[in-house]
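So this block is run.txt, compact mmCIF, N, CA and C atoms:
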# COMPACT_ATOMS: atom_id res chain seq x y z
N MET H 1 11.27 16.60 -0.54
CA MET H 1 10.67 15.30 -0.29
C MET H 1 11.57 14.23 -0.88
N MET H 2 11.66 13.11 -0.17
CA MET H 2 12.49 11.99 -0.61
C MET H 2 11.65 10.71 -0.57
N ILE H 3 11.80 9.88 -1.58
CA ILE H 3 11.20 8.55 -1.60
C ILE H 3 12.32 7.56 -1.29
N ARG H 4 12.08 6.67 -0.32
CA ARG H 4 13.07 5.65 0.00
C ARG H 4 12.35 4.36 0.36
N THR H 5 13.12 3.28 0.36
CA THR H 5 12.58 1.98 0.74
C THR H 5 12.10 2.02 2.19
N MET H 6 10.96 1.43 2.43
CA MET H 6 10.42 1.35 3.79
C MET H 6 11.21 0.32 4.59
N VAL H 7 11.50 0.65 5.84
CA VAL H 7 12.14 -0.29 6.77
C VAL H 7 11.23 -0.45 7.99
N PHE H 8 11.46 -1.50 8.74
CA PHE H 8 10.57 -1.79 9.85
C PHE H 8 10.50 -0.67 10.87
N SER H 9 11.59 0.06 11.07
CA SER H 9 11.56 1.15 12.05
C SER H 9 10.60 2.27 11.65
N ASP H 10 10.10 2.26 10.43
CA ASP H 10 9.09 3.23 9.98
C ASP H 10 7.69 2.86 10.45
N TYR H 11 7.51 1.67 11.00
CA TYR H 11 6.17 1.15 11.25
C TYR H 11 5.27 2.09 12.05
N ALA H 12 5.71 2.61 13.16
CA ALA H 12 4.83 3.43 14.01
C ALA H 12 4.29 4.63 13.25
N LYS H 13 5.15 5.32 12.51
CA LYS H 13 4.71 6.49 11.74
C LYS H 13 3.80 6.08 10.58
N VAL H 14 4.13 4.97 9.94
CA VAL H 14 3.30 4.48 8.84
C VAL H 14 1.92 4.08 9.35
N HIS H 15 1.89 3.36 10.46
CA HIS H 15 0.60 2.93 11.02
C HIS H 15 -0.26 4.14 11.40
N ALA H 16 0.35 5.16 11.98
CA ALA H 16 -0.39 6.38 12.32
C ALA H 16 -0.95 7.03 11.06
N LEU H 17 -0.17 7.06 9.98
CA LEU H 17 -0.66 7.61 8.72
C LEU H 17 -1.84 6.81 8.20
N TRP H 18 -1.75 5.48 8.23
CA TRP H 18 -2.86 4.64 7.79
C TRP H 18 -4.12 4.95 8.60
N LEU H 19 -3.99 5.05 9.90
CA LEU H 19 -5.16 5.29 10.74
C LEU H 19 -5.79 6.66 10.47
N SER H 20 -5.02 7.60 9.95
CA SER H 20 -5.55 8.93 9.65
C SER H 20 -6.09 9.04 8.22
N THR H 21 -6.01 7.96 7.46
CA THR H 21 -6.42 7.97 6.05
C THR H 21 -7.82 7.41 5.90
N THR H 22 -8.75 8.24 5.51
CA THR H 22 -10.13 7.82 5.30
C THR H 22 -10.20 6.83 4.14
N GLY H 23 -10.97 5.76 4.34
CA GLY H 23 -11.22 4.80 3.27
C GLY H 23 -10.30 3.60 3.25
N LEU H 24 -9.39 3.50 4.20
CA LEU H 24 -8.46 2.38 4.23
C LEU H 24 -9.04 1.26 5.08
N GLY H 25 -8.75 0.03 4.72
CA GLY H 25 -9.16 -1.13 5.51
C GLY H 25 -7.94 -1.85 6.03
N LEU H 26 -7.83 -1.94 7.32
CA LEU H 26 -6.72 -2.62 7.98
C LEU H 26 -7.27 -3.80 8.76
N ASN H 27 -6.37 -4.67 9.24
CA ASN H 27 -6.83 -5.65 10.21
C ASN H 27 -5.79 -5.85 11.29
N SER H 28 -6.25 -6.39 12.40
CA SER H 28 -5.44 -6.42 13.62
C SER H 28 -4.27 -7.39 13.56
N ILE H 29 -4.21 -8.28 12.60
CA ILE H 29 -3.10 -9.23 12.52
C ILE H 29 -2.15 -8.85 11.39
N ASP H 30 -2.64 -8.80 10.17
CA ASP H 30 -1.77 -8.51 9.01
C ASP H 30 -1.10 -7.15 9.13
N ASP H 31 -1.78 -6.19 9.72
CA ASP H 31 -1.26 -4.82 9.78
C ASP H 31 -0.66 -4.48 11.14
N SER H 32 -0.49 -5.49 11.98
CA SER H 32 0.21 -5.31 13.25
C SER H 32 1.70 -5.15 12.96
N ALA H 33 2.46 -4.74 13.96
CA ALA H 33 3.91 -4.62 13.79
C ALA H 33 4.51 -5.95 13.32
N GLU H 34 4.07 -7.06 13.92
CA GLU H 34 4.60 -8.36 13.53
C GLU H 34 4.24 -8.71 12.10
N GLY H 35 3.00 -8.41 11.70
CA GLY H 35 2.55 -8.71 10.34
C GLY H 35 3.32 -7.90 9.31
N ILE H 36 3.55 -6.63 9.59
CA ILE H 36 4.28 -5.77 8.64
C ILE H 36 5.75 -6.15 8.60
N LYS H 37 6.32 -6.54 9.74
CA LYS H 37 7.72 -6.99 9.73
C LYS H 37 7.87 -8.20 8.82
N LYS H 38 6.96 -9.14 8.94
CA LYS H 38 7.00 -10.33 8.10
C LYS H 38 6.88 -9.96 6.61
N TYR H 39 6.00 -9.01 6.31
CA TYR H 39 5.81 -8.58 4.93
C TYR H 39 7.08 -7.90 4.39
N LEU H 40 7.67 -7.02 5.19
CA LEU H 40 8.89 -6.33 4.75
C LEU H 40 10.06 -7.29 4.61
N ASP H 41 10.14 -8.30 5.47
CA ASP H 41 11.21 -9.29 5.35
C ASP H 41 11.08 -10.05 4.03
N ARG H 42 9.86 -10.31 3.62
CA ARG H 42 9.61 -11.05 2.36
C ARG H 42 9.74 -10.14 1.15
N ASN H 43 9.49 -8.85 1.30
CA ASN H 43 9.49 -7.89 0.20
C ASN H 43 10.35 -6.68 0.56
N PRO H 44 11.65 -6.85 0.73
CA PRO H 44 12.50 -5.78 1.25
C PRO H 44 12.73 -4.61 0.29
N GLY H 45 12.51 -4.80 -1.00
CA GLY H 45 12.85 -3.73 -1.94
C GLY H 45 11.69 -3.17 -2.72
N THR H 46 10.45 -3.46 -2.31
CA THR H 46 9.29 -3.05 -3.11
C THR H 46 8.30 -2.15 -2.36
N CYS H 47 8.58 -1.87 -1.09
CA CYS H 47 7.73 -1.00 -0.28
C CYS H 47 8.48 0.32 -0.06
N PHE H 48 7.76 1.44 -0.13
CA PHE H 48 8.40 2.74 -0.09
C PHE H 48 7.66 3.72 0.81
N VAL H 49 8.40 4.70 1.33
CA VAL H 49 7.83 5.81 2.07
C VAL H 49 8.29 7.11 1.44
N ALA H 50 7.46 8.12 1.56
CA ALA H 50 7.82 9.50 1.18
C ALA H 50 8.09 10.24 2.48
N ILE H 51 9.26 10.88 2.55
CA ILE H 51 9.72 11.54 3.77
C ILE H 51 9.93 13.02 3.49
N GLU H 52 9.48 13.84 4.44
CA GLU H 52 9.78 15.27 4.39
C GLU H 52 9.93 15.76 5.82
N SER H 53 11.04 16.40 6.10
CA SER H 53 11.32 16.92 7.46
C SER H 53 11.15 15.83 8.52
N ASP H 54 11.70 14.67 8.25
CA ASP H 54 11.65 13.52 9.16
C ASP H 54 10.24 12.99 9.41
N GLN H 55 9.27 13.44 8.63
CA GLN H 55 7.90 12.94 8.74
C GLN H 55 7.58 12.05 7.56
N ILE H 56 6.86 10.97 7.80
CA ILE H 56 6.39 10.12 6.71
C ILE H 56 5.09 10.72 6.22
N ILE H 57 5.10 11.16 4.96
CA ILE H 57 3.91 11.79 4.38
C ILE H 57 3.24 10.91 3.35
N GLY H 58 3.84 9.75 3.07
CA GLY H 58 3.24 8.81 2.14
C GLY H 58 3.87 7.44 2.29
N VAL H 59 3.12 6.41 1.91
CA VAL H 59 3.60 5.03 2.02
C VAL H 59 2.90 4.16 0.99
N ILE H 60 3.62 3.16 0.52
CA ILE H 60 3.01 2.13 -0.32
C ILE H 60 3.63 0.79 0.05
N LEU H 61 2.80 -0.20 0.31
CA LEU H 61 3.26 -1.57 0.50
C LEU H 61 3.02 -2.28 -0.82
N ALA H 62 4.04 -2.86 -1.36
CA ALA H 62 3.91 -3.64 -2.58
C ALA H 62 4.82 -4.84 -2.47
N GLY H 63 4.39 -5.94 -3.01
CA GLY H 63 5.20 -7.14 -2.99
C GLY H 63 4.72 -8.11 -4.05
N HIS H 64 5.27 -9.30 -4.03
CA HIS H 64 4.86 -10.29 -5.03
C HIS H 64 5.08 -11.70 -4.51
N ASP H 65 4.49 -12.63 -5.22
CA ASP H 65 4.63 -14.05 -4.89
C ASP H 65 5.52 -14.77 -5.90
N GLY H 66 6.22 -13.99 -6.73
CA GLY H 66 7.04 -14.57 -7.78
C GLY H 66 6.34 -14.58 -9.11
N ARG H 67 5.04 -14.36 -9.11
CA ARG H 67 4.24 -14.39 -10.33
C ARG H 67 3.49 -13.08 -10.54
N ARG H 68 2.80 -12.61 -9.51
CA ARG H 68 2.01 -11.39 -9.60
C ARG H 68 2.38 -10.46 -8.46
N GLY H 69 2.34 -9.16 -8.79
CA GLY H 69 2.56 -8.15 -7.77
C GLY H 69 1.24 -7.77 -7.13
N PHE H 70 1.32 -7.23 -5.94
CA PHE H 70 0.12 -6.77 -5.25
C PHE H 70 0.46 -5.53 -4.45
N ILE H 71 -0.43 -4.56 -4.47
CA ILE H 71 -0.26 -3.31 -3.73
C ILE H 71 -1.25 -3.29 -2.57
N TYR H 72 -0.74 -2.90 -1.41
CA TYR H 72 -1.56 -2.76 -0.20
C TYR H 72 -1.35 -1.38 0.40
N HIS H 73 -2.36 -0.80 0.93
CA HIS H 73 -2.28 0.36 1.82
C HIS H 73 -1.44 1.54 1.31
N MET H 74 -1.70 1.97 0.11
CA MET H 74 -1.04 3.17 -0.40
C MET H 74 -1.76 4.36 0.22
N SER H 75 -0.99 5.25 0.83
CA SER H 75 -1.60 6.36 1.54
C SER H 75 -0.69 7.58 1.47
N VAL H 76 -1.32 8.75 1.33
CA VAL H 76 -0.60 10.03 1.37
C VAL H 76 -1.31 10.91 2.38
N ASN H 77 -0.54 11.61 3.20
CA ASN H 77 -1.10 12.54 4.17
C ASN H 77 -2.15 13.42 3.49
N GLN H 78 -3.31 13.55 4.10
CA GLN H 78 -4.41 14.27 3.47
C GLN H 78 -4.07 15.73 3.15
N ASN H 79 -3.16 16.34 3.89
CA ASN H 79 -2.76 17.72 3.61
C ASN H 79 -1.74 17.83 2.48
N ARG H 80 -1.23 16.69 2.00
CA ARG H 80 -0.19 16.69 0.98
C ARG H 80 -0.64 16.04 -0.32
N ARG H 81 -1.91 15.77 -0.45
CA ARG H 81 -2.41 15.14 -1.67
C ARG H 81 -2.41 16.12 -2.84
N ARG H 82 -2.47 15.56 -4.04
CA ARG H 82 -2.50 16.30 -5.30
C ARG H 82 -1.19 17.07 -5.54
N GLN H 83 -0.10 16.49 -5.04
CA GLN H 83 1.23 17.07 -5.24
C GLN H 83 2.17 16.08 -5.92
N GLY H 84 1.63 14.96 -6.40
CA GLY H 84 2.44 13.98 -7.10
C GLY H 84 3.12 12.95 -6.22
N ILE H 85 2.88 12.99 -4.93
CA ILE H 85 3.53 12.06 -4.01
C ILE H 85 3.05 10.63 -4.26
N GLY H 86 1.75 10.46 -4.39
CA GLY H 86 1.20 9.13 -4.68
C GLY H 86 1.73 8.58 -5.99
N ASP H 87 1.81 9.44 -7.02
CA ASP H 87 2.35 9.02 -8.32
C ASP H 87 3.76 8.49 -8.15
N LYS H 88 4.59 9.20 -7.39
CA LYS H 88 5.99 8.80 -7.20
C LYS H 88 6.09 7.49 -6.42
N LEU H 89 5.23 7.30 -5.43
CA LEU H 89 5.24 6.05 -4.68
C LEU H 89 4.85 4.87 -5.56
N VAL H 90 3.80 5.05 -6.35
CA VAL H 90 3.38 3.98 -7.27
C VAL H 90 4.48 3.68 -8.27
N ASP H 91 5.06 4.73 -8.86
CA ASP H 91 6.15 4.53 -9.83
C ASP H 91 7.31 3.76 -9.21
N ALA H 92 7.69 4.11 -7.99
CA ALA H 92 8.81 3.43 -7.33
C ALA H 92 8.51 1.94 -7.12
N SER H 93 7.30 1.64 -6.66
CA SER H 93 6.93 0.24 -6.41
C SER H 93 6.80 -0.55 -7.70
N VAL H 94 6.17 0.04 -8.70
CA VAL H 94 6.00 -0.66 -9.98
C VAL H 94 7.37 -0.93 -10.61
N GLN H 95 8.26 0.05 -10.55
CA GLN H 95 9.61 -0.15 -11.09
C GLN H 95 10.35 -1.25 -10.34
N ALA H 96 10.25 -1.25 -9.03
CA ALA H 96 10.90 -2.29 -8.22
C ALA H 96 10.33 -3.67 -8.56
N LEU H 97 9.02 -3.75 -8.73
CA LEU H 97 8.41 -5.03 -9.10
C LEU H 97 8.88 -5.47 -10.49
N ARG H 98 8.96 -4.54 -11.44
CA ARG H 98 9.48 -4.86 -12.78
C ARG H 98 10.89 -5.43 -12.69
N GLU H 99 11.72 -4.78 -11.89
CA GLU H 99 13.11 -5.23 -11.74
C GLU H 99 13.20 -6.62 -11.13
N GLU H 100 12.15 -7.04 -10.43
CA GLU H 100 12.12 -8.40 -9.87
C GLU H 100 11.39 -9.37 -10.80
N GLY H 101 11.09 -8.91 -12.03
CA GLY H 101 10.50 -9.80 -13.04
C GLY H 101 8.99 -9.91 -13.01
N ILE H 102 8.33 -9.03 -12.28
CA ILE H 102 6.87 -9.07 -12.19
C ILE H 102 6.27 -8.25 -13.32
N LEU H 103 5.27 -8.82 -14.01
CA LEU H 103 4.71 -8.19 -15.20
C LEU H 103 3.26 -7.75 -15.03
N LYS H 104 2.65 -8.05 -13.89
CA LYS H 104 1.25 -7.66 -13.65
C LYS H 104 1.08 -7.36 -12.17
N VAL H 105 0.37 -6.27 -11.87
CA VAL H 105 0.17 -5.84 -10.49
C VAL H 105 -1.32 -5.68 -10.23
N ALA H 106 -1.77 -6.12 -9.08
CA ALA H 106 -3.18 -6.02 -8.70
C ALA H 106 -3.30 -5.31 -7.36
N LEU H 107 -4.51 -4.89 -7.04
CA LEU H 107 -4.80 -4.29 -5.74
C LEU H 107 -6.28 -4.42 -5.47
N VAL H 108 -6.66 -4.22 -4.23
CA VAL H 108 -8.06 -4.20 -3.82
C VAL H 108 -8.30 -2.85 -3.16
N ALA H 109 -9.36 -2.17 -3.57
CA ALA H 109 -9.77 -0.90 -2.94
C ALA H 109 -11.21 -1.06 -2.49
N LEU H 110 -11.51 -0.57 -1.31
CA LEU H 110 -12.89 -0.63 -0.82
C LEU H 110 -13.79 0.19 -1.73
N VAL H 111 -14.97 -0.32 -1.99
CA VAL H 111 -15.93 0.36 -2.88
C VAL H 111 -16.21 1.77 -2.40
N GLU H 112 -16.34 1.96 -1.08
CA GLU H 112 -16.67 3.27 -0.52
C GLU H 112 -15.53 4.28 -0.64
N ASN H 113 -14.33 3.82 -0.96
CA ASN H 113 -13.16 4.70 -1.02
C ASN H 113 -13.11 5.40 -2.39
N LYS H 114 -13.96 6.40 -2.55
CA LYS H 114 -14.08 7.11 -3.83
C LYS H 114 -12.77 7.78 -4.24
N ILE H 115 -12.10 8.46 -3.30
CA ILE H 115 -10.86 9.15 -3.61
C ILE H 115 -9.80 8.14 -4.05
N GLY H 116 -9.68 7.06 -3.31
CA GLY H 116 -8.71 6.03 -3.65
C GLY H 116 -8.99 5.41 -5.01
N ASN H 117 -10.24 5.10 -5.28
CA ASN H 117 -10.58 4.49 -6.56
C ASN H 117 -10.32 5.45 -7.72
N GLN H 118 -10.59 6.73 -7.54
CA GLN H 118 -10.27 7.71 -8.59
C GLN H 118 -8.76 7.76 -8.84
N PHE H 119 -7.98 7.69 -7.78
CA PHE H 119 -6.52 7.70 -7.91
C PHE H 119 -6.06 6.48 -8.72
N TRP H 120 -6.59 5.29 -8.39
CA TRP H 120 -6.14 4.08 -9.08
C TRP H 120 -6.52 4.10 -10.55
N VAL H 121 -7.68 4.63 -10.88
CA VAL H 121 -8.06 4.76 -12.30
C VAL H 121 -7.06 5.66 -13.00
N LYS H 122 -6.70 6.78 -12.37
CA LYS H 122 -5.72 7.70 -12.95
C LYS H 122 -4.36 7.02 -13.16
N GLN H 123 -4.03 6.07 -12.29
CA GLN H 123 -2.77 5.34 -12.41
C GLN H 123 -2.81 4.25 -13.49
N GLY H 124 -3.98 4.04 -14.10
CA GLY H 124 -4.10 3.04 -15.16
C GLY H 124 -4.58 1.67 -14.70
N PHE H 125 -5.01 1.55 -13.44
CA PHE H 125 -5.54 0.29 -12.95
C PHE H 125 -7.01 0.18 -13.35
N THR H 126 -7.39 -0.95 -13.88
CA THR H 126 -8.77 -1.17 -14.31
C THR H 126 -9.45 -2.13 -13.34
N SER H 127 -10.77 -2.07 -13.29
CA SER H 127 -11.51 -3.03 -12.47
C SER H 127 -11.87 -4.23 -13.34
N ARG H 128 -11.96 -5.37 -12.70
CA ARG H 128 -12.29 -6.61 -13.39
C ARG H 128 -13.72 -6.99 -13.04
N GLU H 129 -14.57 -7.00 -14.02
CA GLU H 129 -15.97 -7.37 -13.80
C GLU H 129 -16.17 -8.87 -13.92
N ASP H 130 -15.14 -9.60 -14.38
CA ASP H 130 -15.25 -11.03 -14.59
C ASP H 130 -14.77 -11.86 -13.40
N LEU H 131 -14.45 -11.19 -12.29
CA LEU H 131 -13.93 -11.87 -11.11
C LEU H 131 -14.84 -11.68 -9.91
N VAL H 132 -14.79 -12.61 -9.00
CA VAL H 132 -15.39 -12.47 -7.69
C VAL H 132 -14.25 -12.64 -6.70
N TYR H 133 -14.00 -11.62 -5.91
CA TYR H 133 -12.94 -11.69 -4.90
C TYR H 133 -13.45 -12.51 -3.73
N ARG H 134 -12.69 -13.50 -3.32
CA ARG H 134 -13.06 -14.34 -2.19
C ARG H 134 -11.85 -14.47 -1.26
N ASN H 135 -12.13 -14.62 0.02
CA ASN H 135 -11.06 -14.94 0.95
C ASN H 135 -11.63 -15.78 2.09
N LYS H 136 -10.73 -16.37 2.84
CA LYS H 136 -11.13 -17.18 3.99
C LYS H 136 -10.14 -16.89 5.11
N ALA H 137 -10.63 -16.38 6.21
CA ALA H 137 -9.78 -16.12 7.36
C ALA H 137 -9.48 -17.44 8.07
N LEU H 138 -8.21 -17.68 8.32
CA LEU H 138 -7.80 -18.90 9.01
C LEU H 138 -7.68 -18.69 10.52
N VAL H 139 -7.76 -17.43 10.93
CA VAL H 139 -7.79 -17.06 12.34
C VAL H 139 -8.75 -15.89 12.49
N GLU H 140 -9.17 -15.62 13.71
CA GLU H 140 -10.03 -14.46 13.94
C GLU H 140 -9.19 -13.21 14.06
N PHE H 141 -9.64 -12.14 13.45
CA PHE H 141 -8.98 -10.84 13.56
C PHE H 141 -10.03 -9.77 13.47
N GLU H 142 -9.64 -8.57 13.89
CA GLU H 142 -10.55 -7.43 13.85
C GLU H 142 -10.25 -6.60 12.60
N ASN H 143 -11.28 -6.29 11.82
CA ASN H 143 -11.14 -5.36 10.71
C ASN H 143 -11.21 -3.94 11.25
N ILE H 144 -10.38 -3.07 10.70
CA ILE H 144 -10.36 -1.66 11.11
C ILE H 144 -10.55 -0.83 9.86
N TYR H 145 -11.68 -0.13 9.80
CA TYR H 145 -11.95 0.73 8.63
C TYR H 145 -11.80 2.18 9.04
N THR H 146 -11.03 2.91 8.26
CA THR H 146 -10.77 4.32 8.59
C THR H 146 -11.71 5.23 7.85
Structure encoded using structure tokens:
Amino acid sequence: MMIRTMVFSDYAKVHALWLSTTGLGLNSIDDSAEGIKKYLDRNPGTCFVAIESDQIIGVILAGHDGRRGFIYHMSVNQNRRRQGIGDKLVDASVQALREEGILKVALVALVENKIGNQFWVKQGFTSREDLVYRNKALVEFENIYT
């Protein structure tokens, strides 16, 4: 298995992996090919894929705004979990963010995603009870829950 920086040509395989991952929340604009291209152009060195036999078996999108890092859509093939692949993807992204001067990383996990939330606790991510997450859609899009 090899961990390498994600490139746009990985999109089709990455998107298929996301769609096969239970508990993930995607949307029709941000997670479209155009949306991911824009994200990778802005964050070229912080997103990674795990590759084995020319197959993408894991992915993590991570980036920053110059102040805080954020992780999106970390996923490992369900048949390859509990083998350290997720740990390696998180380590690669966190190290890349550190190298870009980022000192704090956040993420959002759906409440129903028990497996994902257990993974993030194991990685040392804590939940914040003092915050209310809010957002405002500036355009209409379709949410896709796996």
d(atom C of Thr5 of chain H, atom CA of Val49 of chain H) in Å:
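Distance reported for this atom pair: 5.7 Å.
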What's around segment 62-73 of chain H at 7 Å? Count all atoms listed in the file, leave out sequence neighbours fewer than 5 positions away in its own chain, and write the answer as an MDAnalysis selection string.
chainID H and resid 24 42:43 46:48 93 97 101:108
Segment 65-137 of chain H: residues DSSP assigns to strand (DSSP E), reported as a short mmCIF file (atom, residue, chain, number, x, y, z; two decimals) with N, CA and C atoms, in the coordinates of the input:
data_model
loop_
_atom_site.label_atom_id
_atom_site.label_comp_id
_atom_site.auth_asym_id
_atom_site.auth_seq_id
_atom_site.Cartn_x
_atom_site.Cartn_y
_atom_site.Cartn_z
N GLY H 69 2.34 -9.16 -8.79
CA GLY H 69 2.56 -8.15 -7.77
C GLY H 69 1.24 -7.77 -7.13
N PHE H 70 1.32 -7.23 -5.94
CA PHE H 70 0.12 -6.77 -5.25
C PHE H 70 0.46 -5.53 -4.45
N ILE H 71 -0.43 -4.56 -4.47
CA ILE H 71 -0.26 -3.31 -3.73
C ILE H 71 -1.25 -3.29 -2.57
N TYR H 72 -0.74 -2.90 -1.41
CA TYR H 72 -1.56 -2.76 -0.20
C TYR H 72 -1.35 -1.38 0.40
N HIS H 73 -2.36 -0.80 0.93
CA HIS H 73 -2.28 0.36 1.82
C HIS H 73 -1.44 1.54 1.31
N MET H 74 -1.70 1.97 0.11
CA MET H 74 -1.04 3.17 -0.40
C MET H 74 -1.76 4.36 0.22
N SER H 75 -0.99 5.25 0.83
CA SER H 75 -1.60 6.36 1.54
C SER H 75 -0.69 7.58 1.47
N VAL H 76 -1.32 8.75 1.33
CA VAL H 76 -0.60 10.03 1.37
C VAL H 76 -1.31 10.91 2.38
N VAL H 105 0.37 -6.27 -11.87
CA VAL H 105 0.17 -5.84 -10.49
C VAL H 105 -1.32 -5.68 -10.23
N ALA H 106 -1.77 -6.12 -9.08
CA ALA H 106 -3.18 -6.02 -8.70
C ALA H 106 -3.30 -5.31 -7.36
N LEU H 107 -4.51 -4.89 -7.04
CA LEU H 107 -4.80 -4.29 -5.74
C LEU H 107 -6.28 -4.42 -5.47
#
Compile the contact shell of Gly116 of chain H as a list in words: residues with an atom at most 8 Å away, counting only N, CA and C atoms, same-chain residues fewer than 5 positions apart removed.
Thr22, Gly23, Ala109, Leu110, Val121 and Lys122 of chain H
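Between atom CA of Ser9 of chain H and atom CA of Ala92 of chain H there is a distance of 19.7 Å.
Here atom CA of Tyr11 of chain H and atom C of Ser32 of chain H stand 7.9 Å from one another.
Counting only C-alpha atoms, the residue from H:Thr146, H:Arg98, H:Thr21, H:Ile3 that sits nearest to Asn79 of chain H is H:Thr21.
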Would you mind telling me which residue in H:Asp54, H:Ser75, H:Lys38, H:Tyr145 lies nearest to Glu112 of chain H when using only C-alpha atoms?
H:Tyr145
Smallest atom-to-atom distance to Ile51 of chain H: which of H:Ala137, H:Met1, H:Ala16, H:Ile115, using only N, CA and C atoms?
H:Met1
Go through H:Asn117, H:Glu99, H:Ala12, H:Asp91 one by one, measure the shortest atom-to-atom distance of each to Ile36 of chain H using only C-alpha atoms, and give the residue with the smallest value.
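Smallest distance to Ile36 of chain H is found for H:Ala12.
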For a quick check of understanding, using all atoms listed in the file, which of H:Val94, H:Phe8, H:Phe141, H:Val111 has the smallest distance to Leu40 of chain H?
H:Phe8
How would segment 42-95 of chain H look written as a compact mmCIF listing (two decimals), in the first residue's frame with C-alpha atoms?
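Written file, part-v4.txt:
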# COMPACT_ATOMS: atom_id res chain seq x y z
CA ARG H 42 -6.50 25.46 -3.38
CA ASN H 43 -5.05 22.63 -1.26
CA PRO H 44 -2.63 20.75 -3.53
CA GLY H 45 -0.44 19.20 -0.82
CA THR H 46 -2.83 18.29 2.00
CA CYS H 47 -5.20 15.71 0.46
CA PHE H 48 -4.10 12.08 0.19
CA VAL H 49 -5.14 8.71 -1.20
CA ALA H 50 -4.11 5.19 -0.20
CA ILE H 51 -3.40 3.05 -3.26
CA GLU H 52 -3.04 -0.70 -3.60
CA SER H 53 -2.93 -2.56 -6.92
CA ASP H 54 -4.03 0.59 -8.76
CA GLN H 55 -7.14 0.80 -6.57
CA ILE H 56 -7.91 3.68 -4.23
CA ILE H 57 -8.64 2.07 -0.88
CA GLY H 58 -8.62 5.23 1.21
CA VAL H 59 -8.87 9.01 0.90
CA ILE H 60 -8.72 12.11 3.04
CA LEU H 61 -9.51 15.67 1.99
CA ALA H 62 -7.80 18.20 4.20
CA GLY H 63 -7.07 21.85 3.69
CA HIS H 64 -6.89 25.18 5.43
CA ASP H 65 -7.77 28.83 5.19
CA GLY H 66 -4.38 30.01 6.46
CA ARG H 67 -5.53 29.86 10.07
CA ARG H 68 -7.31 26.56 10.74
CA GLY H 69 -7.19 23.19 9.08
CA PHE H 70 -10.28 21.22 8.20
CA ILE H 71 -10.78 17.56 7.28
CA TYR H 72 -13.51 16.40 4.92
CA HIS H 73 -14.60 12.97 3.72
CA MET H 74 -11.99 10.64 5.20
CA SER H 75 -12.90 7.18 3.99
CA VAL H 76 -11.35 3.71 3.87
CA ASN H 77 -12.73 0.80 1.85
CA GLN H 78 -14.95 -1.18 4.22
CA ASN H 79 -13.03 -4.41 3.48
CA ARG H 80 -9.72 -2.75 4.40
CA ARG H 81 -10.60 -1.12 7.71
CA ARG H 82 -8.73 -1.79 10.96
CA GLN H 83 -5.43 -2.13 9.10
CA GLY H 84 -3.99 1.30 9.91
CA ILE H 85 -4.86 2.88 6.58
CA GLY H 86 -7.02 5.61 8.14
CA ASP H 87 -4.29 6.33 10.71
CA LYS H 88 -1.74 6.80 7.91
CA LEU H 89 -4.06 9.08 5.94
CA VAL H 90 -4.74 11.27 8.98
CA ASP H 91 -1.03 11.37 9.85
CA ALA H 92 -0.13 12.43 6.28
CA SER H 93 -2.71 15.23 6.23
CA VAL H 94 -1.94 16.49 9.73
CA GLN H 95 1.80 16.54 8.92
